[in-house]
Every structure is written in structure tokens, then in C-alpha cells.
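Heads up, query_18.tsv below (TSV, C-alpha atoms):
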```
chain	number	residue	atom	x	y	z
A	1	MET	CA	-31.48	30.84	27.44
A	2	SER	CA	-32.11	34.52	28.31
A	3	PRO	CA	-29.93	37.03	26.49
A	4	LEU	CA	-27.43	39.31	28.19
A	5	PRO	CA	-28.43	42.99	28.65
A	6	CYS	CA	-26.48	43.78	25.47
A	7	GLY	CA	-28.74	41.45	23.46
A	8	HIS	CA	-26.18	38.72	22.84
A	9	SER	CA	-26.49	35.26	24.36
A	10	VAL	CA	-24.19	32.80	26.09
A	11	ASP	CA	-24.51	30.67	22.96
A	12	ASP	CA	-23.01	33.57	21.00
A	13	LEU	CA	-20.10	33.72	23.44
A	14	VAL	CA	-19.48	29.99	23.15
A	15	ALA	CA	-19.29	30.41	19.36
A	16	HIS	CA	-16.92	33.33	19.90
A	17	LEU	CA	-14.68	31.23	22.16
A	18	ALA	CA	-14.57	28.46	19.58
A	19	GLY	CA	-13.46	30.96	16.95
A	20	ASP	CA	-16.69	30.55	15.00
A	21	ALA	CA	-18.02	34.10	15.40
A	22	PRO	CA	-15.38	36.57	14.21
A	23	GLU	CA	-18.09	39.20	13.70
A	24	LEU	CA	-18.53	39.33	17.50
A	25	ALA	CA	-14.92	40.09	18.34
A	26	ALA	CA	-15.21	43.89	18.32
A	27	HIS	CA	-18.40	43.88	20.37
A	28	VAL	CA	-17.12	41.41	22.95
A	29	ALA	CA	-13.91	43.40	23.43
A	30	ALA	CA	-15.90	46.49	24.39
A	31	CYS	CA	-18.96	45.04	26.18
A	32	PRO	CA	-18.87	44.77	30.01
A	33	HIS	CA	-21.79	42.30	30.06
A	34	CYS	CA	-20.06	39.96	27.66
A	35	ALA	CA	-16.73	40.38	29.44
A	36	ALA	CA	-18.17	39.26	32.78
A	37	ARG	CA	-19.78	36.14	31.33
A	38	LEU	CA	-16.85	35.43	29.06
A	39	ALA	CA	-14.40	35.15	31.96
A	40	GLU	CA	-16.32	32.21	33.40
A	41	LEU	CA	-16.78	30.57	30.00
A	42	GLU	CA	-13.08	30.94	29.27
A	43	ARG	CA	-12.21	29.09	32.47
A	44	ARG	CA	-14.38	26.16	31.42
A	45	TRP	CA	-13.13	26.28	27.84
A	46	SER	CA	-9.52	26.26	29.03
A	47	ALA	CA	-10.28	22.97	30.82
A	48	VAL	CA	-11.29	21.51	27.45
A	49	ARG	CA	-8.08	22.83	25.87
A	50	GLU	CA	-6.08	21.34	28.74
A	51	THR	CA	-7.78	17.98	28.25
A	52	ALA	CA	-6.81	18.03	24.58
A	53	VAL	CA	-3.10	18.10	25.48
A	54	THR	CA	-3.27	15.69	28.42
A	55	PRO	CA	-1.60	12.44	27.35
A	56	VAL	CA	-3.76	9.30	27.33
A	57	PRO	CA	-1.48	6.29	27.94
A	58	THR	CA	-2.23	3.16	25.95
A	59	PRO	CA	-3.02	0.28	28.34
A	60	PRO	CA	-0.15	-2.21	28.59
A	61	GLY	CA	-0.65	-5.18	26.31
A	62	LEU	CA	-3.51	-3.64	24.34
A	63	VAL	CA	-1.64	-3.75	21.03
A	64	GLU	CA	-0.81	-7.42	21.54
A	65	ARG	CA	-4.43	-8.23	22.46
A	66	VAL	CA	-5.66	-6.42	19.36
A	67	LEU	CA	-3.18	-8.30	17.17
A	68	ALA	CA	-4.32	-11.60	18.66
A	69	ALA	CA	-7.97	-10.68	18.06
A	70	VAL	CA	-7.33	-9.65	14.46
A	71	ARG	CA	-5.32	-12.80	13.75
A	72	GLY	CA	-8.25	-14.78	15.08
A	73	VAL	CA	-10.47	-13.53	12.24
A	74	ARG	CA	-7.80	-13.54	9.56
A	75	PRO	CA	-7.64	-16.45	7.11
A	76	ARG	CA	-4.38	-18.31	7.55
A	77	PRO	CA	-3.24	-20.74	4.89
A	78	ALA	CA	-1.09	-22.55	7.41
A	79	GLY	CA	-3.85	-22.66	10.02
A	80	ALA	CA	-4.06	-26.28	11.03
A	81	PRO	CA	-7.46	-27.62	12.01
A	82	VAL	CA	-8.05	-28.14	15.69
A	83	GLU	CA	-8.16	-31.79	16.65
A	84	VAL	CA	-10.72	-32.37	19.35
A	85	ASP	CA	-11.74	-35.45	21.24
A	86	ARG	CA	-15.13	-36.81	20.42
A	87	GLU	CA	-17.00	-39.95	21.25
A	88	GLY	CA	-15.65	-42.68	19.07
A	89	GLY	CA	-12.51	-40.84	17.92
A	90	ARG	CA	-11.13	-37.42	16.91
A	91	THR	CA	-12.73	-34.61	14.92
A	92	SER	CA	-11.02	-31.86	12.90
A	93	VAL	CA	-12.57	-28.39	13.10
A	94	ALA	CA	-11.17	-25.32	11.33
A	95	GLU	CA	-9.32	-23.23	13.91
A	96	ARG	CA	-11.04	-20.02	12.82
A	97	ALA	CA	-14.44	-21.58	13.32
A	98	VAL	CA	-13.48	-22.84	16.76
A	99	LEU	CA	-12.05	-19.48	17.76
A	100	ALA	CA	-15.07	-17.54	16.53
A	101	VAL	CA	-17.44	-19.77	18.50
A	102	CYS	CA	-15.20	-19.72	21.58
A	103	ARG	CA	-14.82	-15.94	21.57
A	104	GLN	CA	-18.57	-15.37	21.28
A	105	ALA	CA	-19.34	-17.93	23.97
A	106	ALA	CA	-16.75	-16.40	26.30
A	107	VAL	CA	-18.09	-12.87	25.80
A	108	ASP	CA	-21.69	-14.04	26.31
A	109	LEU	CA	-20.89	-15.86	29.55
A	110	ALA	CA	-18.34	-13.45	31.03
A	111	GLY	CA	-20.71	-10.50	31.25
A	112	ASP	CA	-23.05	-12.34	33.60
A	113	LEU	CA	-20.11	-13.19	35.87
A	114	GLY	CA	-18.80	-9.62	36.08
A	115	LEU	CA	-15.80	-10.42	33.87
A	116	HIS	CA	-14.50	-8.85	30.69
A	117	VAL	CA	-12.90	-10.94	27.94
A	118	ARG	CA	-9.62	-9.36	26.85
A	119	ALA	CA	-8.39	-11.98	24.39
A	120	THR	CA	-9.06	-15.50	23.24
A	121	ALA	CA	-6.76	-17.90	21.44
A	122	VAL	CA	-6.68	-21.56	20.51
A	123	GLU	CA	-3.25	-23.06	21.02
A	124	ASP	CA	-2.46	-26.72	20.53
A	125	GLY	CA	-6.15	-27.53	20.57
A	126	GLU	CA	-6.74	-25.82	23.92
A	127	LEU	CA	-8.67	-22.60	24.49
A	128	GLN	CA	-6.92	-19.76	26.30
A	129	VAL	CA	-9.13	-16.93	27.59
A	130	LEU	CA	-7.73	-13.77	29.18
A	131	VAL	CA	-10.19	-11.88	31.37
A	132	THR	CA	-10.29	-8.84	33.65
A	133	ALA	CA	-12.65	-8.17	36.54
A	134	ARG	CA	-14.03	-5.08	38.18
A	135	TYR	CA	-13.39	-4.68	41.91
A	136	PRO	CA	-15.07	-5.87	44.16
A	137	ALA	CA	-16.33	-8.76	42.01
A	138	PRO	CA	-15.17	-12.17	43.35
A	139	ALA	CA	-12.73	-12.41	40.46
A	140	VAL	CA	-11.04	-15.73	41.13
A	141	VAL	CA	-14.31	-17.57	41.76
A	142	ALA	CA	-15.87	-15.91	38.72
A	143	ALA	CA	-12.95	-16.93	36.51
A	144	ASP	CA	-13.36	-20.54	37.63
A	145	ASP	CA	-17.11	-20.33	37.04
A	146	LEU	CA	-16.41	-19.02	33.55
A	147	ARG	CA	-14.12	-21.96	32.82
A	148	THR	CA	-16.81	-24.42	33.90
A	149	ALA	CA	-19.57	-22.61	32.00
A	150	LEU	CA	-17.43	-22.34	28.87
A	151	ASP	CA	-16.59	-26.01	28.97
A	152	ARG	CA	-20.30	-26.84	29.13
A	153	GLU	CA	-21.23	-24.27	26.49
A	154	LEU	CA	-18.60	-25.39	23.99
A	155	ARG	CA	-19.72	-28.97	24.30
A	156	ALA	CA	-23.22	-27.76	23.46
A	157	ARG	CA	-22.23	-25.42	20.63
A	158	LEU	CA	-19.43	-27.42	19.00
A	159	GLY	CA	-20.40	-30.87	20.14
A	160	VAL	CA	-16.81	-31.44	21.23
A	161	ALA	CA	-14.70	-31.35	24.36
A	162	LEU	CA	-12.04	-28.63	24.42
A	163	VAL	CA	-9.63	-27.98	27.27
A	164	VAL	CA	-10.39	-24.47	28.56
A	165	HIS	CA	-7.99	-22.22	30.48
A	166	VAL	CA	-9.21	-18.91	31.93
A	167	HIS	CA	-6.52	-16.46	33.05
A	168	LEU	CA	-7.38	-13.50	35.27
A	169	ILE	CA	-4.95	-10.79	34.11
A	170	ASP	CA	-6.20	-7.71	35.95
A	171	VAL	CA	-8.71	-6.38	38.46
A	172	HIS	CA	-9.84	-2.79	37.87
B	1	MET	CA	9.81	4.60	6.65
B	2	THR	CA	6.73	3.13	5.04
B	3	SER	CA	3.77	5.49	5.26
B	4	ASP	CA	0.37	4.49	6.64
B	5	GLN	CA	-0.95	5.01	3.12
B	6	GLN	CA	1.47	2.39	1.76
B	7	LEU	CA	0.73	0.02	4.65
B	8	LEU	CA	-2.99	0.32	4.10
B	9	ALA	CA	-2.60	-0.29	0.36
B	10	ALA	CA	-0.54	-3.41	1.12
B	11	ALA	CA	-3.11	-4.56	3.68
B	12	VAL	CA	-5.87	-4.18	1.08
B	13	ARG	CA	-3.85	-6.54	-1.15
B	14	GLY	CA	-3.92	-9.07	1.70
B	15	ASP	CA	-0.62	-8.29	3.44
B	16	GLY	CA	-1.32	-9.20	7.07
B	17	ALA	CA	2.05	-7.95	8.28
B	18	ALA	CA	1.30	-4.50	6.87
B	19	PHE	CA	-2.01	-4.48	8.70
B	20	ASP	CA	-0.27	-5.52	11.93
B	21	GLU	CA	2.07	-2.55	11.56
B	22	LEU	CA	-0.92	-0.25	11.13
B	23	VAL	CA	-2.29	-1.70	14.37
B	24	ARG	CA	0.99	-1.05	16.19
B	25	ARG	CA	1.19	2.52	14.95
B	26	ASN	CA	-2.41	3.57	15.44
B	27	THR	CA	-3.82	1.67	18.42
B	28	GLY	CA	-2.79	4.43	20.83
B	29	ARG	CA	-4.76	7.02	18.90
B	30	MET	CA	-7.70	4.65	18.45
B	31	TYR	CA	-7.77	4.01	22.21
B	32	ARG	CA	-7.60	7.72	23.01
B	33	VAL	CA	-10.60	8.45	20.79
B	34	ALA	CA	-12.55	5.44	22.06
B	35	LEU	CA	-11.90	6.39	25.68
B	36	ARG	CA	-13.00	9.96	25.14
B	37	VAL	CA	-16.19	8.89	23.40
B	38	VAL	CA	-17.30	6.01	25.66
B	39	GLY	CA	-15.76	7.40	28.88
B	40	ASP	CA	-14.65	4.07	30.36
B	41	PRO	CA	-11.18	2.47	29.99
B	42	VAL	CA	-12.39	-1.13	29.93
B	43	GLU	CA	-15.13	-0.40	27.42
B	44	ALA	CA	-12.68	1.63	25.34
B	45	GLU	CA	-10.45	-1.44	25.01
B	46	ASP	CA	-13.42	-3.44	23.73
B	47	VAL	CA	-14.22	-0.70	21.25
B	48	VAL	CA	-10.63	-0.68	19.96
B	49	GLN	CA	-10.64	-4.46	19.45
B	50	ASP	CA	-14.00	-4.31	17.67
B	51	ALA	CA	-12.77	-1.40	15.56
B	52	TRP	CA	-9.66	-3.20	14.35
B	53	ILE	CA	-11.61	-6.36	13.56
B	54	SER	CA	-14.09	-4.20	11.60
B	55	ALA	CA	-11.19	-2.49	9.85
B	56	TRP	CA	-9.72	-5.82	8.78
B	57	ARG	CA	-13.08	-7.02	7.48
B	58	ALA	CA	-13.71	-3.73	5.67
B	59	LEU	CA	-10.37	-3.78	3.81
B	60	PRO	CA	-11.80	-5.31	0.62
B	61	ARG	CA	-14.19	-2.35	0.36
B	62	PHE	CA	-11.51	0.31	0.97
B	63	ARG	CA	-11.06	2.25	-2.27
B	64	GLY	CA	-8.42	4.71	-1.10
B	65	GLU	CA	-10.74	7.72	-1.28
B	66	ALA	CA	-9.98	8.67	2.34
B	67	ALA	CA	-6.64	9.13	4.09
B	68	PRO	CA	-5.75	6.25	6.44
B	69	ALA	CA	-6.17	8.47	9.50
B	70	THR	CA	-9.62	9.59	8.37
B	71	TRP	CA	-10.64	6.02	7.64
B	72	LEU	CA	-9.41	4.80	11.04
B	73	TYR	CA	-11.16	7.66	12.86
B	74	ARG	CA	-14.35	6.61	11.07
B	75	VAL	CA	-13.88	2.97	12.01
B	76	VAL	CA	-13.24	3.66	15.69
B	77	THR	CA	-16.00	6.24	16.10
B	78	ASN	CA	-18.48	3.88	14.42
B	79	ALA	CA	-17.38	1.12	16.79
B	80	ALA	CA	-17.75	3.47	19.75
B	81	LEU	CA	-21.23	4.55	18.68
B	82	ALA	CA	-22.28	0.94	18.12
B	83	HIS	CA	-21.00	0.14	21.61
B	84	LEU	CA	-22.96	3.02	23.14
B	85	ARG	CA	-26.13	1.92	21.36
B	86	ARG	CA	-25.76	-1.55	22.89
B	87	LYS	CA	-25.14	-0.43	26.45
B	88	LYS	CA	-27.42	1.01	29.09
B	89	PRO	CA	-27.54	4.72	30.00
B	90	THR	CA	-24.32	6.03	31.49
B	91	VAL	CA	-23.31	7.11	34.98
B	92	PRO	CA	-24.72	10.43	36.22
B	93	LEU	CA	-22.40	13.34	36.84
B	94	GLU	CA	-23.25	14.15	40.48
B	95	ALA	CA	-20.23	12.36	41.93
B	96	ALA	CA	-17.77	14.19	39.70
B	97	PRO	CA	-15.19	16.29	41.55
B	98	GLU	CA	-15.09	20.04	41.21
B	99	PHE	CA	-12.72	21.70	38.76
B	100	PRO	CA	-9.22	21.82	40.22
B	101	ALA	CA	-7.42	25.15	40.13
B	102	PRO	CA	-4.69	25.38	37.50
B	103	GLY	CA	-0.98	25.73	38.23
B	104	GLY	CA	0.95	24.88	41.41
B	105	PRO	CA	3.48	22.15	42.13
B	106	GLU	CA	1.03	19.33	41.45
B	107	ALA	CA	0.24	20.74	38.03
B	108	SER	CA	0.35	17.44	36.17
B	109	VAL	CA	-1.92	15.75	38.73
B	110	LEU	CA	-4.34	18.66	38.51
B	111	ARG	CA	-4.17	18.49	34.73
B	112	ASP	CA	-5.19	14.84	34.91
B	113	GLU	CA	-8.03	15.78	37.27
B	114	THR	CA	-9.17	18.50	34.91
B	115	ALA	CA	-9.12	16.04	32.03
B	116	ASP	CA	-11.13	13.63	34.16
B	117	VAL	CA	-13.77	16.27	34.91
B	118	VAL	CA	-14.04	17.20	31.22
B	119	SER	CA	-14.16	13.55	30.16
B	120	ARG	CA	-16.96	12.83	32.61
B	121	ALA	CA	-18.88	15.82	31.28
B	122	ILE	CA	-18.41	14.67	27.68
B	123	ALA	CA	-19.63	11.19	28.65
B	124	THR	CA	-23.00	12.69	29.65
B	125	LEU	CA	-23.62	14.26	26.24
B	126	GLU	CA	-25.64	12.67	23.47
B	127	PRO	CA	-23.43	10.22	21.53
B	128	SER	CA	-24.09	12.18	18.33
B	129	GLN	CA	-22.54	15.24	20.04
B	130	ARG	CA	-19.60	13.44	21.64
B	131	VAL	CA	-17.97	12.26	18.43
B	132	PRO	CA	-17.66	15.62	16.64
B	133	LEU	CA	-16.63	17.28	19.89
B	134	VAL	CA	-13.87	14.75	20.55
B	135	LEU	CA	-12.58	14.85	16.97
B	136	ARG	CA	-12.59	18.63	16.68
B	137	GLU	CA	-11.75	19.90	20.16
B	138	LEU	CA	-9.63	17.07	21.57
B	139	GLU	CA	-8.09	15.46	18.48
B	140	GLY	CA	-7.68	18.81	16.72
B	141	LEU	CA	-9.10	17.77	13.33
B	142	SER	CA	-10.26	20.48	10.94
B	143	TYR	CA	-13.95	20.97	10.22
B	144	GLU	CA	-13.43	19.42	6.79
B	145	GLU	CA	-11.71	16.36	8.27
B	146	VAL	CA	-14.40	15.82	10.91
B	147	ALA	CA	-17.12	16.25	8.28
B	148	GLN	CA	-15.40	13.61	6.16
B	149	VAL	CA	-15.14	11.20	9.10
B	150	LEU	CA	-18.82	11.64	9.90
B	151	GLY	CA	-19.94	11.76	6.29
B	152	ILE	CA	-21.92	14.99	6.74
B	153	PRO	CA	-21.64	18.45	5.13
B	154	VAL	CA	-19.51	21.07	6.92
B	155	PRO	CA	-22.47	23.40	7.69
B	156	ALA	CA	-24.32	20.53	9.37
B	157	LEU	CA	-21.19	19.70	11.33
B	158	ARG	CA	-20.80	23.31	12.48
B	159	ALA	CA	-24.37	23.33	13.78
B	160	ARG	CA	-23.91	20.01	15.58
B	161	LEU	CA	-20.62	21.13	17.08
B	162	HIS	CA	-22.11	24.37	18.31
B	163	ARG	CA	-24.87	22.50	20.14
B	164	ALA	CA	-22.28	20.11	21.56
B	165	ARG	CA	-20.07	22.95	22.86
B	166	VAL	CA	-23.02	24.73	24.47
B	167	ALA	CA	-24.13	21.46	26.10
B	168	LEU	CA	-20.61	20.74	27.34
B	169	MET	CA	-20.22	24.20	28.84
B	170	ALA	CA	-23.54	23.78	30.64
B	171	LYS	CA	-22.44	20.39	32.01
B	172	LEU	CA	-19.16	21.84	33.21
B	173	ALA	CA	-21.03	24.72	34.89
B	174	GLU	CA	-23.11	22.18	36.84
B	175	GLN	CA	-19.94	20.90	38.48
B	176	ARG	CA	-19.04	24.14	40.17
```
Reformat the file's structure so that it appears as C-alpha cells.
Amino acid sequence: MSPLPCGHSVDDLVAHLAGDAPELAAHVAACPHCAARLAELERRWSAVRETAVTPVPTPPGLVERVLAAVRGVRPRPAGAPVEVDREGGRTSVAERAVLAVCRQAAVDLAGDLGLHVRATAVEDGELQVLVTARYPAPAVVAADDLRTALDRELRARLGVALVVHVHLIDVH
Amino acid sequence: MTSDQQLLAAAVRGDGAAFDELVRRNTGRMYRVALRVVGDPVEAEDVVQDAWISAWRALPRFRGEAAPATWLYRVVTNAALAHLRRKKPTVPLEAAPEFPAPGGPEASVLRDETADVVSRAIATLEPSQRVPLVLRELEGLSYEEVAQVLGIPVPALRARLHRARVALMAKLAEQR
């Protein structure tokens, strides 16, 4: 970047604005070349300062979804195995193992359908999947496709049949 | 009130309820950082979930050498960087609106627009520049704190931050 007529550069002025070049303060205060360029830089820098104090709301339900996700990977002494139907009888599978497989399968399949997995949970032996979609994706059809694909995928991965529910909670 | 330090110590001992409380207290901040680094609300939510799962799994290795806030900043920025490595290149800046003028009756709306313009500009920077910029200029951490989060010496951080600021100013100039 070409220097200003005074020999200093815009890079120097950026450092000055950030408070990292105290040795420049006296020069900048007296230099017309720096003053002209500094006014424009200050306007841009003030936008950064303004951004720093602009509140960023936490999305509704995010804390609950995080808690559900964390509990899904946490060992639980009371965690009962999931009873699933299988040819010739019932099979017990550790809930954590089921949830880990279900979550990964849901994430893998949802991306191709334009959906985003927000949370997964296994309740009473049934899989609950919360998803969001981006407008204008055909969200309802995609959610149904995900349910069908997940059902097929879980049979393949776990070798068991699990009732799958997909809930569309938001369209962005 | 129990401090985050005490909660984290309890969580390290296996107290799930203490960890849940850490989640409740800090998810807002984790989301804010994730959003500012990845630049997309939906992706930021994924990053936050991944970050907390990573945090839970990393508890056995936590030795208490960092403050909880520093440790959580490290966890969420690592999750954000991992997310950016996995995804394709981001959206170009051409469609970004021009800087709104400050002040006036719609000041808060304009402030949001300004934040949007700056966030879009940050999202075009190299990931290695975004993280220090967000932590220092938007989160207000000291140089020493940011250096600790990133695990680099302060002089190296200063150099990286300077390049990031110059790049950001150039991006913002393109929008005029």
C-alpha cells in the first residue's frame, strides 16, 4: 500500500486507531495528510465499536437443545437400555449407543435434504428428531423424506426397527 | 452464588448438574462468539452444540490452569474453526448493504444494520484472522487473554491482529 505524502501508511493509522501506536499520536495530531485519511478510517472503526456493543440475542430454545445434546453423550447410571423390536423377539441396546448412531445418521441424511438437525432424543424407545429448514426448501416434504430415510438407515446400521418422529420446528 | 470456577471444578468431578448450570450461564456468550466467527445463525447453533459436547468430553483433561471463561472461549473458537474447515468457501460480500448513517430515530435498527455490515465483512476474512479479531475487538478481551485462548505469544497475536484489522478496514471500504 502506497504511503501518504508524510511517509506514514494507512497500516500505521490503523495501528494508531487500535491504540497500538502511541508513538504516532503527536504526528497524527499535527499532520493534515494523516488527518484526512484518519477521518474515513475512524468512521469504519466506529462501526466495529458499535458492533461490539450491539446485543446478540440467544436463539429461543438453544440452551435446552444444548442440554439435550450434552445429556445424550453423558453416561447415565439410570439410563435404561432401549428395547427394540427384532425378528424373533426383543433386543436391548444401550440408550447412549442408540442415540449416538441416530444423531449421526440424522445429521448425515438431513444435509442432503436441505434440513438442519437441532436435537435428537430417544424417549420410550422412539427416536425424536427436531429439524429446521431454510426457505424456500420444501420443508414438510423434506421432513417426511428424512423420517423415511432414517427409518431405513437405522435398520441398516442398528439392525433394528425404531419408531422415528421428525418434527419441523422452524423455517429460516 | 456459585462461581463458574466452582461449577467447573464440580463438573470435572462428574457433577452433571454443575455442568448444566455452566451451559445455562454461558451459552449466550458462546453463541455470540460462534455467530461472529462463522457468520451464520444456523451454523453458529451447530458450533455451540459441538462446543459444549467437546467441553463435556474434555472435562477429564481440564487441570484448572485456565479460567473457565478462557477455557470456554477456547472450546467454542476451536469448534468454530473446525466447522469452517469442514464447510465450503463462504458467501461473497457484493450483496452487502452500504454502511447506514449513525443516529436518527431508527438508531437501534441502524445499529443492527451496522453490526450486520461489519459481521459480513468479518465473515470474509481468513478464519485465522477472524478469531483474534472477534475476541479482542468485539468481546473486549485483553491481548494476554486472547493470546491464552489461542495458545500463542502476545507479540505473535499483535502481528496477527494488526493484519486482521487492516484486512477488515479494507473490506469495509469496499462496501462504500
Problem set entry | Residue list for chain A near chain B as a PyMOL selection string, 7 Å, all atoms listed in the file | chain A and resi 11+14-15+44+47-48+50-52+54+56+58+63+66-67+69-70
Problem set entry | Residue neighbourhood Thr120 of chain A, 7 Å, all atoms listed in the file, exclusion window fewer than 4 positions, as number ranges by chain | A: 103, 128-130
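Reported to one decimal place, the separation of atom CA of Asp151 of chain A from atom CA of Ala100 of chain A is 15.1 Å.
Between atom CA of Arg13 of chain B and atom CA of Gly72 of chain A the interatomic distance comes to 18.7 Å.
Taking atom CA of Leu127 of chain A as the reference point, atom CA of Ala143 of chain A is found at 14.0 Å.
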For this session: Select, counting all atoms listed in the file, all protein, DNA and RNA residues no farther than 10 Å from (-19.3, -11.1, 30.4) in file coordinates, and express the selection as a PyMOL selection string.
Result: chain A and resi 105-117+131-133+146
Generate the output file for the selected residues, C-alpha atoms, as a PDB file, in the frame of the given file.
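Full text of result.pdb as output:
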```pdb
ATOM      1  CA  ALA A 105     -19.340 -17.930  23.970  1.00  0.00           C
ATOM      2  CA  ALA A 106     -16.750 -16.400  26.300  1.00  0.00           C
ATOM      3  CA  VAL A 107     -18.090 -12.870  25.800  1.00  0.00           C
ATOM      4  CA  ASP A 108     -21.690 -14.040  26.310  1.00  0.00           C
ATOM      5  CA  LEU A 109     -20.890 -15.860  29.550  1.00  0.00           C
ATOM      6  CA  ALA A 110     -18.340 -13.450  31.030  1.00  0.00           C
ATOM      7  CA  GLY A 111     -20.710 -10.500  31.250  1.00  0.00           C
ATOM      8  CA  ASP A 112     -23.050 -12.340  33.600  1.00  0.00           C
ATOM      9  CA  LEU A 113     -20.110 -13.190  35.870  1.00  0.00           C
ATOM     10  CA  GLY A 114     -18.800  -9.620  36.080  1.00  0.00           C
ATOM     11  CA  LEU A 115     -15.800 -10.420  33.870  1.00  0.00           C
ATOM     12  CA  HIS A 116     -14.500  -8.850  30.690  1.00  0.00           C
ATOM     13  CA  VAL A 117     -12.900 -10.940  27.940  1.00  0.00           C
ATOM     14  CA  VAL A 131     -10.190 -11.880  31.370  1.00  0.00           C
ATOM     15  CA  THR A 132     -10.290  -8.840  33.650  1.00  0.00           C
ATOM     16  CA  ALA A 133     -12.650  -8.170  36.540  1.00  0.00           C
ATOM     17  CA  LEU A 146     -16.410 -19.020  33.550  1.00  0.00           C
TER      18      LEU A 146
END
```
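Using only C-alpha atoms for every distance, the candidate list A:Glu126, A:Glu153, A:Glu23, A:Asp145 yields A:Glu153 as the residue closest to Val101 of chain A.
For the set A:Gly19, A:Pro57, A:Pro3, A:Gly125, the residue with the smallest atom-to-atom gap to Val163 of chain A is A:Gly125, counting all atoms listed in the file.
The residue set within 9 Å of segment 26-41 of chain A, counting all atoms listed in the file and dropping same-chain residues fewer than 3 places from it, reads Leu4, Pro5, Cys6, His8, Ser9, Val10, Leu13, Val14, His16, Leu17, Pro22, Glu23, Arg44, Trp45 and Ser46 of chain A; Met169 and Ala173 of chain B.
Residues in contact with Ala10 of chain B at 12 Å, where only C-alpha atoms are counted and same-chain residues fewer than 3 positions away are skipped, are listed as Thr2, Ser3, Asp4, Gln5, Gln6, Leu7, Arg13, Gly14, Asp15, Gly16, Ala17, Ala18, Phe19, Asp20, Glu21, Leu22, Leu59, Pro60, Phe62 and Gly64 of chain B.
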Seminar exercise, completed: Of A:Arg152, A:Arg49, A:Arg96, A:Arg118, the one nearest to Glu64 of chain A when counting only C-alpha atoms is A:Arg118
Reconstructed N, CA and C atoms for segment 33-49 of chain B, given as a PDB file, in the frame of the given file:
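And here is the file that came out, result.pdb:
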```
ATOM      1  N   VAL B  33      -9.295   8.021  21.299  1.00  0.00           N
ATOM      2  CA  VAL B  33     -10.600   8.450  20.790  1.00  0.00           C
ATOM      3  C   VAL B  33     -11.713   7.618  21.436  1.00  0.00           C
ATOM      4  N   ALA B  34     -11.517   6.319  21.480  1.00  0.00           N
ATOM      5  CA  ALA B  34     -12.550   5.440  22.060  1.00  0.00           C
ATOM      6  C   ALA B  34     -12.821   5.814  23.512  1.00  0.00           C
ATOM      7  N   LEU B  35     -11.742   6.042  24.263  1.00  0.00           N
ATOM      8  CA  LEU B  35     -11.900   6.390  25.680  1.00  0.00           C
ATOM      9  C   LEU B  35     -12.676   7.695  25.841  1.00  0.00           C
ATOM     10  N   ARG B  36     -12.352   8.654  25.006  1.00  0.00           N
ATOM     11  CA  ARG B  36     -13.000   9.960  25.140  1.00  0.00           C
ATOM     12  C   ARG B  36     -14.466   9.912  24.710  1.00  0.00           C
ATOM     13  N   VAL B  37     -14.794   8.983  23.837  1.00  0.00           N
ATOM     14  CA  VAL B  37     -16.190   8.890  23.400  1.00  0.00           C
ATOM     15  C   VAL B  37     -17.013   8.038  24.368  1.00  0.00           C
ATOM     16  N   VAL B  38     -16.484   6.885  24.794  1.00  0.00           N
ATOM     17  CA  VAL B  38     -17.300   6.010  25.660  1.00  0.00           C
ATOM     18  C   VAL B  38     -17.100   6.308  27.142  1.00  0.00           C
ATOM     19  N   GLY B  39     -15.958   6.939  27.505  1.00  0.00           N
ATOM     20  CA  GLY B  39     -15.760   7.400  28.880  1.00  0.00           C
ATOM     21  C   GLY B  39     -15.374   6.327  29.882  1.00  0.00           C
ATOM     22  N   ASP B  40     -15.004   5.150  29.430  1.00  0.00           N
ATOM     23  CA  ASP B  40     -14.650   4.070  30.360  1.00  0.00           C
ATOM     24  C   ASP B  40     -13.476   3.282  29.775  1.00  0.00           C
ATOM     25  N   PRO B  41     -12.381   3.117  30.546  1.00  0.00           N
ATOM     26  CA  PRO B  41     -11.180   2.470  29.990  1.00  0.00           C
ATOM     27  C   PRO B  41     -11.411   1.031  29.530  1.00  0.00           C
ATOM     28  N   VAL B  42     -12.174   0.275  30.302  1.00  0.00           N
ATOM     29  CA  VAL B  42     -12.390  -1.130  29.930  1.00  0.00           C
ATOM     30  C   VAL B  42     -13.236  -1.216  28.656  1.00  0.00           C
ATOM     31  N   GLU B  43     -14.280  -0.394  28.612  1.00  0.00           N
ATOM     32  CA  GLU B  43     -15.130  -0.400  27.420  1.00  0.00           C
ATOM     33  C   GLU B  43     -14.358   0.126  26.207  1.00  0.00           C
ATOM     34  N   ALA B  44     -13.473   1.076  26.451  1.00  0.00           N
ATOM     35  CA  ALA B  44     -12.680   1.630  25.340  1.00  0.00           C
ATOM     36  C   ALA B  44     -11.798   0.549  24.719  1.00  0.00           C
ATOM     37  N   GLU B  45     -11.268  -0.337  25.547  1.00  0.00           N
ATOM     38  CA  GLU B  45     -10.450  -1.440  25.010  1.00  0.00           C
ATOM     39  C   GLU B  45     -11.300  -2.346  24.114  1.00  0.00           C
ATOM     40  N   ASP B  46     -12.516  -2.622  24.556  1.00  0.00           N
ATOM     41  CA  ASP B  46     -13.420  -3.440  23.730  1.00  0.00           C
ATOM     42  C   ASP B  46     -13.682  -2.763  22.393  1.00  0.00           C
ATOM     43  N   VAL B  47     -13.930  -1.458  22.474  1.00  0.00           N
ATOM     44  CA  VAL B  47     -14.220  -0.700  21.250  1.00  0.00           C
ATOM     45  C   VAL B  47     -13.032  -0.788  20.288  1.00  0.00           C
ATOM     46  N   VAL B  48     -11.815  -0.648  20.818  1.00  0.00           N
ATOM     47  CA  VAL B  48     -10.630  -0.680  19.960  1.00  0.00           C
ATOM     48  C   VAL B  48     -10.502  -2.059  19.291  1.00  0.00           C
ATOM     49  N   GLN B  49     -10.717  -3.118  20.060  1.00  0.00           N
ATOM     50  CA  GLN B  49     -10.640  -4.460  19.450  1.00  0.00           C
ATOM     51  C   GLN B  49     -11.692  -4.623  18.362  1.00  0.00           C
TER      52      GLN B  49
END
```
